[in-house]
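Below is one structure, written out as structure tokens, with a few remarks after it.
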Amino acid sequence: MGGLSDGVRAGEDSRTIHRMQPDEDIERLMARYQQGDFAAASALIDRVSPQLFRFFAAQTFSRPDADDLLQETWLRIHKVRHTWRPGEPALPWFYAIARHIRVDHYRKSLRTATGERKLEAMAASSPLAPQPADQADQIAALLAPLSAGEREVLEMLKIAGMSLEEVAGATSSSVGSVKQKVHRAYKKLRRTLSLAQKGGRL
Amino acid sequence: MKESDIDGILQSAPVPEGPRSETLQSIAAAIRGSLRPVRPLPAPWLLTAGLVFVSATIALAAAAHAGFDGIEKMAPWERALIFIPLGAFAVVAAKTFVRTMIPGSRRRLSAGALLALCTLSLLGAFALSFRDYQIDHFVSAGFACLVTGLLHAFPAGLLAWFLLRRGFAVNAIAAGLAAGTLAGLVGLGVLELHCVNFQAAHVLVWHTAVVPLSGALGATCAAVGQWIRRLATR
């Protein structure tokens with residue numbers, strides 16, 4: 001937690017989190033993207049990619065991995081762009097696809113590295129163990145004690161600024177399940193931060 | 001420490017640099033060549049209605065071919081006790097399947113929970129309706145019904161998949177399970193419309209088994225499809 005607290009204090013000169021603007025713009029761009037407007041597609045890529053990149057980087061992967069996953073996600077988004085319906089929130093749709101790509105990548109990399117037996121053992125103990133992409137990523141350090149599911153939900157809710165309903169959509173779960181994960185995540189974070197404070201590190 | 005303090009830390013923490021501009025440019029360049037207008041998927045309610053229509057058509061057509069002997073033999077209250085939940089579960093299964101095929105859709109019921117709920121509720125309805133506890137030709141008659149149910153579930157599953165072929169399942173196994181459950185309900189519907197064997201054990205075991213077996217087959221097909229796609233992209 002030392003890295004986190006130092007980073008939080010020294011974070012004033014760093015970039016702070018850029019929450020998404022209300023989704024209207026994204027949805028308008030998405031509708032134009034579906035109509036074949038390249039300018040809208042480019043604007044959408046510029047607008048959504050930082051969020052998706054952070055989603056990959058903060059979860060598990062190294063920066064090059066996050067870059068690859070971002071590209072793979074956009075290719076998939078492009079292929080299935082007709083599955084978004086105008087009038088629906090776009091962010092849960094983007095995150096649902098990004099999540100699918102991330103899980104797929106995780107399975108592939110595990111299979112390559114350790115084989116099927118280790119996949120089961122690791123999934124049972126700590127799925128998607130955190131390996132922050134960058135030491136400067138203080139959020140990754142803060143979220144490190146959380147499980148993959150808790151980290152993912154908190155990222156979407158508190159950092160991407162999505163609503164409970166949108167997070168439920170992105171994670172294909174119910175609002176109740178999202179609330180439960182957030183509750184558990186806060187409990188763990190409170191414990192971790194309190195310990196850090198007692199140790200005089202925050 | 002309060003939740004607002006944690007929120008404050010989360011929101012004030014620095015973030016890593018975003019993706020490189022070259023990455024964004026290469027993404028834009030990659031999609032440019034194939035960028036053309038696309039037609040969005042129809043509204044979910046329309047897809048659900050389509051699935052329910054196809055399912056009902058298959059069940060009724062099959063029963064019309066084989067005969068409506070089963071439903072004719074039932075008392076009106078038995079018909080209500082069996083076909084109302086069967087129809088309701090078919091609608092819920094169709095809705096669940098549609099949701100699994102549209103990324104970002106909120107899910108009220110997981111595909112696994114849907115299958116469990118359908119199976120248990122139908123077991124309850126059958127237990128209340130059929131009180132003949134004799135057991136004649138349990139395996140031979142039962143196996144014939146199971147095969148008949150699954151044979152009718154198969155085209156229902158295929159047509160359901162065809163109807164939603166433009167969708168994208170972020171969780172293929174859940175989608176397969178939901179499609180299989182819907183198809184299983186069609187198979188069970190055919191059996192309830194046609195089969196005149198009202199022995200409780202026969203209906204509870206062999207008729208009901210069509211739903212979980214069809215669900216499992218749907219999930220297996222989806223898993224195999226996923227595995228083949230992965231092999232192809234290696």
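We label chains A, B, ... in the order they appear in the structure tokens, count residues from 1 in each chain, and number ligands from 1 in the order shown.
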
Inset, instruction - Find the residues near Phe68 in chain B: any atom within 9 Å, counting only C-alpha atoms, skip ones fewer than 6 places away on the same chain, and give them as a VMD selection string. - result: chain B and resid 60 190 192 to 195

Legend entry - At most 9 Å to chain A: residues in chain B, only C-alpha atoms, as a PyMOL selection string: chain B and resi 1-3+6-7+9-21+23-28+30-32+34-43+99-110+166-168+170-171+230

Legend entry - Distance in Å - CA of Glu78 in chain B versus CA of Leu177 in chain B: 28.4 Å

Legend entry - All residues 8 Å or closer to range 140-147 of chain B, only C-alpha atoms, same chain fewer than 2 positions away omitted, as a PyMOL selection string: chain B and resi 137-138+149-151+191+195+202+205-207+209-210

Pull N, CA and C atoms from the residues just selected and write them as a PDB file, in the first residue's frame.
ATOM      1  N   HIS B 137     -43.693 -51.075 -18.258  1.00  0.00           N
ATOM      2  CA  HIS B 137     -42.729 -50.797 -19.347  1.00  0.00           C
ATOM      3  C   HIS B 137     -41.985 -49.489 -19.104  1.00  0.00           C
ATOM      4  N   PHE B 138     -41.500 -49.343 -17.874  1.00  0.00           N
ATOM      5  CA  PHE B 138     -40.918 -48.064 -17.466  1.00  0.00           C
ATOM      6  C   PHE B 138     -39.787 -47.618 -18.398  1.00  0.00           C
ATOM      7  N   GLY B 149     -39.036 -36.622 -27.472  1.00  0.00           N
ATOM      8  CA  GLY B 149     -38.912 -35.245 -26.975  1.00  0.00           C
ATOM      9  C   GLY B 149     -37.641 -34.591 -27.475  1.00  0.00           C
ATOM     10  N   LEU B 150     -36.532 -35.307 -27.387  1.00  0.00           N
ATOM     11  CA  LEU B 150     -35.245 -34.728 -27.820  1.00  0.00           C
ATOM     12  C   LEU B 150     -35.219 -34.514 -29.333  1.00  0.00           C
ATOM     13  N   LEU B 151     -35.855 -35.433 -30.068  1.00  0.00           N
ATOM     14  CA  LEU B 151     -35.876 -35.275 -31.536  1.00  0.00           C
ATOM     15  C   LEU B 151     -36.655 -34.023 -31.946  1.00  0.00           C
ATOM     16  N   LEU B 191     -44.554 -33.897 -26.044  1.00  0.00           N
ATOM     17  CA  LEU B 191     -44.899 -35.104 -25.271  1.00  0.00           C
ATOM     18  C   LEU B 191     -46.201 -34.913 -24.499  1.00  0.00           C
ATOM     19  N   CYS B 195     -48.569 -37.703 -25.622  1.00  0.00           N
ATOM     20  CA  CYS B 195     -48.404 -38.964 -24.873  1.00  0.00           C
ATOM     21  C   CYS B 195     -49.602 -39.246 -23.945  1.00  0.00           C
ATOM     22  N   HIS B 202     -43.454 -42.363 -15.085  1.00  0.00           N
ATOM     23  CA  HIS B 202     -43.095 -42.160 -16.497  1.00  0.00           C
ATOM     24  C   HIS B 202     -42.960 -40.670 -16.818  1.00  0.00           C
ATOM     25  N   VAL B 205     -40.076 -38.842 -14.649  1.00  0.00           N
ATOM     26  CA  VAL B 205     -38.688 -39.166 -15.009  1.00  0.00           C
ATOM     27  C   VAL B 205     -38.408 -38.858 -16.480  1.00  0.00           C
ATOM     28  N   TRP B 206     -39.159 -39.491 -17.359  1.00  0.00           N
ATOM     29  CA  TRP B 206     -38.766 -39.457 -18.773  1.00  0.00           C
ATOM     30  C   TRP B 206     -39.194 -38.177 -19.489  1.00  0.00           C
ATOM     31  N   HIS B 207     -40.382 -37.681 -19.179  1.00  0.00           N
ATOM     32  CA  HIS B 207     -40.817 -36.434 -19.833  1.00  0.00           C
ATOM     33  C   HIS B 207     -39.980 -35.256 -19.333  1.00  0.00           C
ATOM     34  N   ALA B 209     -37.124 -35.216 -18.020  1.00  0.00           N
ATOM     35  CA  ALA B 209     -35.693 -35.313 -18.355  1.00  0.00           C
ATOM     36  C   ALA B 209     -35.357 -34.635 -19.685  1.00  0.00           C
ATOM     37  N   VAL B 210     -36.368 -34.469 -20.537  1.00  0.00           N
ATOM     38  CA  VAL B 210     -36.097 -33.845 -21.841  1.00  0.00           C
ATOM     39  C   VAL B 210     -35.521 -32.426 -21.656  1.00  0.00           C
TER      40      VAL B 210
END

Legend entry - Pairwise distance for CA of Gly124 in chain B and CA of Ala66 in chain B, rounded to one decimal in Å: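 It comes out at 26.5 Å.
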
Inset, instruction - Show which residues sit within 10 Å of Ile135 in chain B, as a PyMOL selection string. Count only C-alpha atoms, and ignore same-chain residues fewer than 4 positions away. - result: chain B and resi 139+199-202

Inset, instruction - In Å, rounded to a single decimal, give me how far CA of Ala64 in chain B is from CA of Pro155 in chain B. - result: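 Answer for the CA of Pro155 in chain B to CA of Ala64 in chain B separation: 16.2 Å.
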
Inset, instruction - Would you kindly return, as JSON, numbers by chain, each protein, DNA or RNA residue with an atom no farther than 9 Å from any atom of Leu122 in chain B, considering only C-alpha atoms and excluding same-chain residues fewer than 3 positions away? - result: {"B": [82, 85, 86, 117, 118, 119, 125, 126, 127, 204, 208]}

Filtering to C-alpha atoms, could you give me those residues as a compact mmCIF listing (two decimals), in the first residue's frame?
# COMPACT_ATOMS: atom_id res chain seq x y z
CA ILE B 82 -49.27 -28.17 -17.11
CA PRO B 85 -46.35 -22.95 -16.65
CA LEU B 86 -44.95 -24.62 -19.77
CA LEU B 117 -36.44 -23.44 -12.07
CA CYS B 118 -38.13 -24.95 -15.15
CA THR B 119 -37.23 -28.51 -14.19
CA ALA B 125 -46.83 -29.58 -11.67
CA PHE B 126 -46.52 -33.18 -12.89
CA ALA B 127 -46.50 -34.54 -9.35
CA LEU B 204 -41.79 -37.36 -13.81
CA THR B 208 -39.16 -34.02 -17.44

Inset, instruction - Apply DSSP to the structure's backbone, then extract all residues of range 10-108 of chain B labelled alpha helix (DSSP H) and return them as an MDAnalysis selection string. - result: chainID B and resid 10:12 21:32 44:66 69:73 76:100

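With only C-alpha atoms as the basis for measurement, B:Val211 is the residue among B:Gly8, B:Leu158, B:Lys73, B:Val211 that approaches Ser121 in chain B most closely.
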